[in-house]
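Read the structure below first, then the notes.
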Amino acid sequence: MASSAPEGSASEKSKPRDGFSSRAAFIIACIGSAVGMGNIWLFPYRVAEFGGAAFLIPYFIFVALLGFSGVLGEMAFGRAMESGPVGAFAKACKMRGGRIGERIGRAIGFLPMLGSLALAIGYSVVVGWFLKYLASSASGELAGVVDTGAYFGALAVDFGSVSWHFIGLALTFAVMLFGVSRGIERLNKVMTPLFFVLFVVLLVRVATLPGAGAGYEYLFIPRWEALADPTTWIFALGQAFFSLSLAGSGTLVYGSYLKKDVDVVSSARTVAVFDTIAALLAAMVIIPAVFAFGFSAASGPPLMFITLPAVFQQMPFGSFVAVVFFFAVLCAAITSLVNLFETPIEALQSQFGLSRGVAVGIVAAIAAFVGVFIESASSVGAWMDVISIFVIPLGALLAAIMFFWVCPKGFARSQVELGHGKPIGRWFEALTKYVFVGITALVYVLGIFFGGIG
């Protein structure tokens, strides 16, 4: 039937622009894009390292500030321009500088688009690792591994996970061929709620482990002296910023598929709340489980692929728990990966007039060709560090400048108020034009100084 076939036919140009079918679908997709590895393998470590529950105070403050400025701004900017960053930046600059401004804006808009593509390429390598660990957990292979460090080391080498990497890409792009409403939306409607359900199951299981209480104490007994340490605030800012997927790309693109009558203020609030819930769930699963068996709570790939598999081996019904865990994490990773890849795909469609199928094919080919050369842990780590430190916050900063400064006075306010039902407060301009733009510039500088803060 035509209704179930992927997009990309010759008549596609005559069709109206694809989009989300409802506000709920849009919110679920945005939550799916925001909930990713930062929530799962970095947030628990940050909480434990920087004061336990005390860390949550600056984190909640920054989530609220960024949610009510950056997140709603990117949603509204994309919706207003009905385009991703390349088209949105071009239209914003055209308002100020005519045709010349439009060309300048279009050129600038390629930076966050390419940043999103580059981040997705690195992310797809990690998705391949998750697929391998999910399959190993299901087959029982992982339970019999003697040295989990060596097992991961054999996988995370040059050309060490080509097949799993490509399977992950194939699954991702197969969904994306069907477009926004019939592909991305349907994927997120299943995988995003499933992530939360599975992590609640894991939460209940971990809570019954002897010794888990020490992990909860380490997480949530506040060490107030940490609040006097500036690095606590710096890393709380970084965690909040990157966790909310502020990049001038993915959220902006999803916003471009949004109907005009949707309230972006409440949508941004909902996304921020559920993103925070996801991070807290991950912390309450991972840290107590690690403590229960006396392991180190190191962050990053060692936690996910070395420490936790060893924990699962010692846990009663550990093989089942491992399957649930890696499937839940895969849900979060795939929904984030789809969002990252949608930015360059949308740009190829809107700026070069390509069909959905051709755009997906080009991006898939680039991702496979480049990604296969960065499959080692050191290579993908260095790749992701460069992109996350130098490109992602710069993309968010440029998008903020475009929407809040380059667009005519009052334009951002009018677009945010669409669908809200009432005027927003006088706080809006101060929070967006000055606080958010300033914070984003600070994230960029601090990320370079500290070698990454999120």
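How things are named: the first chain in the structure tokens is A, the next is B, and so on; residues count from 1 in each chain; ligands count from 1 in the order shown.
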
Helix (DSSP H, G or I) call set, DSSP backbone run, region 192-269 of chain A, as a count of residues only: 57

Using only C-alpha atoms, tabulate the residues of region 304-358 of chain A lying at most 12 Å from any atom of region 209-222 of chain A, each with its closest atom pair and that distance in Å to one decimal, by chain and increasing residue number, as a Markdown table.
| residue | atom | partner | partner_atom | distance |
| --- | --- | --- | --- | --- |
| A:Val311 | CA | A:Leu209 | CA | 11.3 |
| A:Phe312 | CA | A:Leu209 | CA | 11.7 |
| A:Gln314 | CA | A:Leu209 | CA | 10.9 |
| A:Met315 | CA | A:Leu209 | CA | 8.2 |
| A:Pro316 | CA | A:Leu209 | CA | 9.1 |
| A:Phe317 | CA | A:Leu209 | CA | 11.6 |
| A:Gly318 | CA | A:Leu209 | CA | 11.6 |

From the set A:Phe305, A:Trp383, A:Phe77, A:Phe60, which residue has the shortest atom-to-atom contact distance to Val273 (chain A), counting only C-alpha atoms?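 With only C-alpha atoms as the atom set, the closest residue is A:Phe60.
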
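Closest approach to Leu446 (chain A) among A:Gly115, A:Pro288, A:Gly250, A:Gly238 is made by A:Gly238 (distances from only C-alpha atoms).
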
Which residues, written as a list in words, have at least one atom at most 9 Å from Tyr123 (chain A), with only C-alpha atoms counted and residues fewer than 2 positions away on the same chain left out?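 Skipping anything fewer than 2 positions along the chain leaves Ala118, Leu119, Ala120, Ile121, Val125, Val126, Val127, Gly128, Ala333, Ser336, Leu337, Val380 and Met384 of chain A.
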
Those selected residues, please, written with N, CA, C and O atoms and delivered as a short mmCIF file (atom, residue, chain, number, x, y, z; two decimals), in the first residue's frame.
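Saved result, again-v3.cif, follows:
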data_model
loop_
_atom_site.label_atom_id
_atom_site.label_comp_id
_atom_site.auth_asym_id
_atom_site.auth_seq_id
_atom_site.Cartn_x
_atom_site.Cartn_y
_atom_site.Cartn_z
N ALA A 118 28.65 15.05 12.03
CA ALA A 118 29.90 14.51 12.59
C ALA A 118 29.64 13.80 13.92
O ALA A 118 30.20 12.73 14.19
N LEU A 119 28.80 14.40 14.76
CA LEU A 119 28.48 13.77 16.04
C LEU A 119 27.75 12.45 15.82
O LEU A 119 27.99 11.46 16.51
N ALA A 120 26.84 12.43 14.84
CA ALA A 120 26.10 11.20 14.53
C ALA A 120 27.04 10.10 14.05
O ALA A 120 26.85 8.92 14.38
N ILE A 121 28.05 10.46 13.27
CA ILE A 121 29.00 9.47 12.78
C ILE A 121 29.71 8.79 13.94
O ILE A 121 29.87 7.56 13.97
N VAL A 125 29.10 4.55 15.94
CA VAL A 125 30.06 3.54 16.37
C VAL A 125 29.66 2.96 17.72
O VAL A 125 29.68 1.74 17.93
N VAL A 126 29.25 3.83 18.63
CA VAL A 126 28.83 3.40 19.97
C VAL A 126 27.55 2.57 19.89
O VAL A 126 27.39 1.59 20.62
N VAL A 127 26.64 2.94 18.99
CA VAL A 127 25.43 2.14 18.79
C VAL A 127 25.79 0.73 18.36
O VAL A 127 25.17 -0.25 18.80
N GLY A 128 26.81 0.60 17.52
CA GLY A 128 27.28 -0.73 17.13
C GLY A 128 27.77 -1.53 18.32
O GLY A 128 27.51 -2.74 18.42
N ALA A 333 19.89 5.38 22.55
CA ALA A 333 20.92 5.70 21.57
C ALA A 333 20.33 5.86 20.18
O ALA A 333 20.69 6.79 19.44
N SER A 336 18.33 9.11 19.74
CA SER A 336 19.24 10.25 19.63
C SER A 336 19.93 10.27 18.28
O SER A 336 20.10 11.33 17.66
N LEU A 337 20.33 9.10 17.80
CA LEU A 337 21.04 9.02 16.52
C LEU A 337 20.14 9.47 15.37
O LEU A 337 20.59 10.16 14.45
N VAL A 380 37.28 7.20 18.25
CA VAL A 380 35.94 7.76 18.38
C VAL A 380 35.86 8.72 19.55
O VAL A 380 35.13 9.72 19.51
N MET A 384 34.68 12.54 19.04
CA MET A 384 33.54 13.09 19.77
C MET A 384 33.95 14.28 20.62
O MET A 384 33.18 15.24 20.76
#

Gap from CA of Met402 (chain A) to CA of Ala88 (chain A) - Å, one decimal: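 So the answer is 8.6 Å.
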
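Residue nearest Arg356 (chain A), chosen from A:Gly98, A:Phe390, A:Gly179, A:Pro193 and counting only C-alpha atoms: A:Gly179.
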
Kindly indicate which residue among A:Asp158, A:Ile100, A:Ala150, A:Val324 lies nearest to Val200 (chain A), using only C-alpha atoms for the distances.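 Smallest separation from Val200 (chain A) among the options: A:Val324.
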
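If only C-alpha atoms are the atoms counted, then among A:Leu258, A:Leu252, A:Ala268, A:Ile374 the closest residue to Val63 (chain A) is A:Ala268.
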
Ala272 (chain A) surroundings by only C-alpha atoms, 6 Å radius, close-in-sequence under 3 positions cut, as a PyMOL selection string: chain A and resi 67+269+275

With all heavy atoms retained, write the just-selected residues as a compact mmCIF listing (two decimals), in the first residue's frame.
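The file below, out32.txt, is the result:
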# COMPACT_ATOMS: atom_id res chain seq x y z
N GLY A 67 16.17 25.31 29.59
CA GLY A 67 14.93 24.81 29.03
C GLY A 67 14.01 25.93 28.61
O GLY A 67 13.40 25.89 27.54
N ARG A 269 9.24 22.71 28.56
CA ARG A 269 9.22 22.33 29.97
C ARG A 269 9.10 20.81 30.11
O ARG A 269 9.81 20.19 30.92
CB ARG A 269 8.06 23.02 30.67
CG ARG A 269 7.95 22.64 32.16
CD ARG A 269 6.83 23.40 32.85
NE ARG A 269 5.53 23.10 32.28
CZ ARG A 269 4.75 24.01 31.68
NH1 ARG A 269 5.17 25.26 31.55
NH2 ARG A 269 3.58 23.68 31.19
N ASP A 275 13.75 14.60 30.49
CA ASP A 275 15.18 14.38 30.32
C ASP A 275 15.86 14.26 31.69
O ASP A 275 16.74 13.41 31.88
CB ASP A 275 15.79 15.54 29.53
CG ASP A 275 17.28 15.38 29.34
OD1 ASP A 275 17.69 14.47 28.60
OD2 ASP A 275 18.05 16.17 29.93

Which residue, A:Gly361, A:Pro302, A:Pro309, A:Gly395, has the smallest gap to Gly248 (chain A) when you use only C-alpha atoms? A:Gly395
